[in-house]
Amino acid sequence: MSETFGERVYWLVAQIPFGQVASYGQLALLAGSPGASRAVGNLMRNSLGRAVAWHRVINSRGGISSKGDFERAELQRMLLEGEGVEFNRRGLCSLERFGWNPEAFSWES
DNA sequence: GGTCTGACTAGGT
DNA sequence: AACCTAGCCAGAC
């Protein structure tokens, strides 16, 4: 495959259904680079201008990871709540309930 | 083309 | 449950 890791991640993010969330590590795994979770985070941070549902990407505990940018974090949570995702009092949502379980797919197709 | 940077994570205190 | 640490890796510079 000639496409970059980043391009595959963006494609994956576009597949996350309304009202569901995926973790950085999960996307890294699906994109073919298990362990590249931090790289996924950097992609979301460096490409906020893109028309992608970046707000559906959260950390492995079900929380929002944009420390240092509270406005963005609050926006992300607001967008998710607008899609029906519920957060507990500690700012975590249930991956069991809202986590994305993608159909099996291949990069060939 | 070498370094630096983290919207990460699992594991241990 | 909150906090720390050491690996991790693609992309930015």
# chains A, B, ... in the order shown; residues from 1 in each chain; ligands from 1

call {"tool": "residues_around", "arguments": {"residues": "DG11 of chain C", "least_positions_apart": "6", "cutoff": "8 Å", "atoms": "only C-alpha atoms (C1' of nucleotides)", "output": "number ranges by chain"}}
result
A: 39, 42-43

call {"tool": "write_last_selection", "arguments": {"atoms": "N, CA, C and O atoms", "output": "compact mmCIF listing (two decimals), in the first residue's frame"}}
result
# COMPACT_ATOMS: atom_id res chain seq x y z
N ALA A 39 1.02 8.90 17.61
CA ALA A 39 1.07 9.48 16.27
C ALA A 39 -0.33 9.85 15.81
O ALA A 39 -0.54 10.87 15.15
N ASN A 42 -1.28 13.04 17.35
CA ASN A 42 -0.62 14.17 16.69
C ASN A 42 -1.34 14.52 15.40
O ASN A 42 -1.47 15.69 15.06
N LEU A 43 -1.79 13.51 14.68
CA LEU A 43 -2.50 13.76 13.42
C LEU A 43 -3.75 14.59 13.69
O LEU A 43 -4.02 15.57 13.00

call {"tool": "residues_around", "arguments": {"residues": "segment 3-14 of chain A", "least_positions_apart": "4", "cutoff": "10 Å", "atoms": "only C-alpha atoms (C1' of nucleotides)", "output": "CSV table (one decimal) with N, CA and C atoms (P, O5', C5', C4', C3', O3' and C1' of nucleotides), in the first residue's frame"}}
result
chain,number,residue,atom,x,y,z
A,18,PHE,N,-22.0,8.0,13.5
A,18,PHE,CA,-22.5,9.0,14.4
A,18,PHE,C,-22.9,8.4,15.8
A,21,VAL,N,-17.5,6.2,19.3
A,21,VAL,CA,-16.2,6.7,19.5
A,21,VAL,C,-15.2,5.6,19.3
A,22,ALA,N,-13.9,6.0,19.0
A,22,ALA,CA,-12.8,5.1,18.8
A,22,ALA,C,-11.6,5.6,19.5
A,24,TYR,N,-7.4,6.2,20.2
A,24,TYR,CA,-6.2,6.4,19.4
A,24,TYR,C,-5.6,5.0,19.1
A,27,LEU,N,-7.4,2.9,16.5
A,27,LEU,CA,-7.2,3.4,15.1
A,27,LEU,C,-5.8,3.1,14.6
A,28,ALA,N,-4.8,3.2,15.5
A,28,ALA,CA,-3.5,2.9,15.1
A,28,ALA,C,-3.4,1.4,14.7
A,29,LEU,N,-4.1,0.6,15.5
A,29,LEU,CA,-4.1,-0.9,15.2
A,29,LEU,C,-4.7,-1.2,13.8
A,30,LEU,N,-5.9,-0.6,13.6
A,30,LEU,CA,-6.7,-0.8,12.4
A,30,LEU,C,-5.9,-0.2,11.2
A,31,ALA,N,-5.1,0.8,11.4
A,31,ALA,CA,-4.4,1.5,10.3
A,31,ALA,C,-3.1,0.7,10.0
A,32,GLY,N,-2.9,-0.4,10.8
A,32,GLY,CA,-1.7,-1.2,10.5
A,32,GLY,C,-0.5,-0.9,11.3
A,33,SER,N,-0.5,-0.1,12.3
A,33,SER,CA,0.7,0.2,13.1
A,33,SER,C,0.3,0.2,14.6
A,36,ALA,N,1.1,3.0,17.5
A,36,ALA,CA,1.3,4.3,17.0
A,36,ALA,C,0.2,5.3,17.5
A,39,ALA,N,1.0,8.9,17.6
A,39,ALA,CA,1.1,9.5,16.3
A,39,ALA,C,-0.3,9.8,15.8
A,40,VAL,N,-1.3,9.0,16.2
A,40,VAL,CA,-2.7,9.3,15.8
A,40,VAL,C,-3.1,10.6,16.5
A,42,ASN,N,-1.3,13.0,17.4
A,42,ASN,CA,-0.6,14.2,16.7
A,42,ASN,C,-1.3,14.5,15.4
A,43,LEU,N,-1.8,13.5,14.7
A,43,LEU,CA,-2.5,13.8,13.4
A,43,LEU,C,-3.7,14.6,13.7
A,44,MET,N,-4.5,14.2,14.7
A,44,MET,CA,-5.7,14.9,15.0
A,44,MET,C,-5.4,16.4,15.4
A,47,SER,N,-4.2,18.7,12.4
A,47,SER,CA,-5.1,18.8,11.2
A,47,SER,C,-6.5,19.2,11.6
A,50,ARG,N,-9.2,20.1,9.0
A,50,ARG,CA,-9.8,19.1,8.1
A,50,ARG,C,-11.3,18.8,8.4
A,51,ALA,N,-12.0,18.4,7.4
A,51,ALA,CA,-13.4,18.1,7.6
A,51,ALA,C,-13.5,16.6,8.0
A,52,VAL,N,-13.1,16.3,9.2
A,52,VAL,CA,-13.2,15.0,9.7
A,52,VAL,C,-13.8,15.0,11.1
A,53,ALA,N,-14.4,13.9,11.5
A,53,ALA,CA,-15.1,13.8,12.8
A,53,ALA,C,-14.0,13.6,13.9
A,54,TRP,N,-13.0,14.5,14.0
A,54,TRP,CA,-11.9,14.3,15.0
A,54,TRP,C,-12.5,14.1,16.4
A,55,HIS,N,-13.6,14.7,16.7
A,55,HIS,CA,-14.2,14.6,18.0
A,55,HIS,C,-14.6,13.2,18.5
A,56,ARG,N,-14.7,12.3,17.5
A,56,ARG,CA,-15.0,10.9,17.9
A,56,ARG,C,-13.8,10.1,18.3
A,57,VAL,N,-12.7,10.7,18.3
A,57,VAL,CA,-11.5,10.0,18.7
A,57,VAL,C,-11.1,10.4,20.2
A,102,PRO,N,-15.9,-2.0,14.4
A,102,PRO,CA,-15.9,-2.0,13.0
A,102,PRO,C,-16.1,-3.4,12.4
A,107,TRP,N,-7.5,-3.7,3.6
A,107,TRP,CA,-7.0,-2.6,2.9
A,107,TRP,C,-7.0,-2.8,1.4
C,10,DA,P,5.7,4.4,12.4
C,10,DA,O5',4.9,5.6,11.6
C,10,DA,C5',3.5,5.7,11.8
C,10,DA,C4',3.0,7.1,11.7
C,10,DA,C3',3.5,7.9,10.5
C,10,DA,O3',2.5,8.8,10.1
C,10,DA,C1',4.5,8.9,12.4
C,11,DG,P,2.7,9.7,8.8
C,11,DG,O5',3.1,11.1,9.5
C,11,DG,C5',2.1,11.7,10.3
C,11,DG,C4',2.5,13.0,10.9
C,11,DG,C3',3.1,13.9,9.8
C,11,DG,O3',2.6,15.2,10.2
C,11,DG,C1',4.8,13.6,11.3

call {"tool": "residues_around", "arguments": {"residues": "DA7 of chain B", "least_positions_apart": "4", "cutoff": "6 Å", "atoms": "only C-alpha atoms (C1' of nucleotides)", "output": "number ranges by chain"}}
result
A: 41, 45, 65-66

call {"tool": "closest_atom_pairs", "arguments": {"of": "chain C", "to": "chain A", "cutoff": "12 Å", "atoms": "only C-alpha atoms (C1' of nucleotides)", "output": "JSON lines"}}
result
{"residue": "C:DA1", "atom": "C1'", "partner": "A:Arg90", "partner_atom": "CA", "distance": 10.2}
{"residue": "C:DA2", "atom": "C1'", "partner": "A:Arg90", "partner_atom": "CA", "distance": 11.7}
{"residue": "C:DG7", "atom": "C1'", "partner": "A:Gly35", "partner_atom": "CA", "distance": 9.5}
{"residue": "C:DC8", "atom": "C1'", "partner": "A:Gly35", "partner_atom": "CA", "distance": 5.8}
{"residue": "C:DC9", "atom": "C1'", "partner": "A:Ala36", "partner_atom": "CA", "distance": 4.9}
{"residue": "C:DA10", "atom": "C1'", "partner": "A:Ala39", "partner_atom": "CA", "distance": 5.2}
{"residue": "C:DG11", "atom": "C1'", "partner": "A:Ala39", "partner_atom": "CA", "distance": 7.4}
{"residue": "C:DA12", "atom": "C1'", "partner": "A:Asn46", "partner_atom": "CA", "distance": 8.9}

call {"tool": "select_by_dssp", "arguments": {"residues": "chain A", "states": "strand (DSSP E)", "output": "MDAnalysis selection string"}}
result
chainID A and resid 22:23 57:58

call {"tool": "write_last_selection", "arguments": {"atoms": "N, CA and C atoms", "output": "CSV table (one decimal), in the first residue's frame"}}
result
chain,number,residue,atom,x,y,z
A,22,ALA,N,-13.9,6.0,19.0
A,22,ALA,CA,-12.8,5.1,18.8
A,22,ALA,C,-11.6,5.6,19.5
A,23,SER,N,-10.8,4.7,20.0
A,23,SER,CA,-9.6,5.2,20.7
A,23,SER,C,-8.4,5.4,19.8
A,57,VAL,N,-12.7,10.7,18.3
A,57,VAL,CA,-11.5,10.0,18.7
A,57,VAL,C,-11.1,10.4,20.2
A,58,ILE,N,-11.0,9.4,21.0
A,58,ILE,CA,-10.8,9.6,22.4
A,58,ILE,C,-9.7,8.7,23.0

call {"tool": "select_by_dssp", "arguments": {"residues": "segment 39-73 of chain A", "states": "helix (DSSP H, G or I)", "output": "ChimeraX atom specification"}}
result
/A:39-46,54-56,70-73

call {"tool": "write_last_selection", "arguments": {"atoms": "C-alpha atoms", "output": "short mmCIF file (atom, residue, chain, number, x, y, z; two decimals), in the first residue's frame"}}
result
data_model
loop_
_atom_site.label_atom_id
_atom_site.label_comp_id
_atom_site.auth_asym_id
_atom_site.auth_seq_id
_atom_site.Cartn_x
_atom_site.Cartn_y
_atom_site.Cartn_z
CA ALA A 39 1.07 9.48 16.27
CA VAL A 40 -2.70 9.30 15.79
CA GLY A 41 -3.11 11.95 18.46
CA ASN A 42 -0.62 14.17 16.69
CA LEU A 43 -2.50 13.76 13.42
CA MET A 44 -5.74 14.94 15.01
CA ARG A 45 -3.97 17.86 16.63
CA ASN A 46 -2.11 18.98 13.53
CA TRP A 54 -11.94 14.28 14.98
CA HIS A 55 -14.18 14.62 18.05
CA ARG A 56 -15.04 10.90 17.87
CA PHE A 70 -9.56 23.40 27.30
CA GLU A 71 -11.72 25.17 24.74
CA ARG A 72 -11.13 22.42 22.21
CA ALA A 73 -11.73 19.78 24.86
#

call {"tool": "residues_around", "arguments": {"residues": "DC4 of chain C", "least_positions_apart": "5", "cutoff": "12 Å", "atoms": "only C-alpha atoms (C1' of nucleotides)", "output": "PyMOL selection string"}}
result
chain B and resi 11-13

call {"tool": "write_last_selection", "arguments": {"atoms": "N, CA, C and O atoms (P, O5', C5', C4', C3', O3' and C1' of nucleotides)", "output": "PDB file, in the first residue's frame"}}
result
ATOM      1  P    DG B  11      -0.465  -4.406  30.478  1.00  0.00           P
ATOM      2  O5'  DG B  11       0.499  -3.879  31.638  1.00  0.00           O
ATOM      3  C5'  DG B  11       1.833  -3.494  31.301  1.00  0.00           C
ATOM      4  C4'  DG B  11       2.535  -2.978  32.537  1.00  0.00           C
ATOM      5  C3'  DG B  11       2.067  -3.631  33.841  1.00  0.00           C
ATOM      6  O3'  DG B  11       3.185  -3.785  34.711  1.00  0.00           O
ATOM      7  C1'  DG B  11       1.736  -1.313  33.964  1.00  0.00           C
ATOM      8  P    DG B  12       3.032  -4.598  36.077  1.00  0.00           P
ATOM      9  O5'  DG B  12       3.622  -3.584  37.157  1.00  0.00           O
ATOM     10  C5'  DG B  12       4.790  -2.814  36.836  1.00  0.00           C
ATOM     11  C4'  DG B  12       4.877  -1.630  37.777  1.00  0.00           C
ATOM     12  C3'  DG B  12       4.545  -1.978  39.236  1.00  0.00           C
ATOM     13  O3'  DG B  12       5.489  -1.371  40.103  1.00  0.00           O
ATOM     14  C1'  DG B  12       3.221  -0.171  38.504  1.00  0.00           C
ATOM     15  P    DT B  13       5.635  -1.944  41.649  1.00  0.00           P
ATOM     16  O5'  DT B  13       5.353  -0.629  42.477  1.00  0.00           O
ATOM     17  C5'  DT B  13       4.461   0.340  41.972  1.00  0.00           C
ATOM     18  C4'  DT B  13       4.727   1.685  42.581  1.00  0.00           C
ATOM     19  C3'  DT B  13       4.512   1.753  44.089  1.00  0.00           C
ATOM     20  O3'  DT B  13       5.187   2.880  44.618  1.00  0.00           O
ATOM     21  C1'  DT B  13       2.709   2.830  42.984  1.00  0.00           C
TER      22       DT B  13
END

call {"tool": "interface_residues", "arguments": {"of": "chain B", "to": "chain A", "cutoff": "9 Å", "atoms": "only C-alpha atoms (C1' of nucleotides)", "output": "JSON, numbers by chain"}}
result
{"B": [5, 6, 7, 8, 9]}
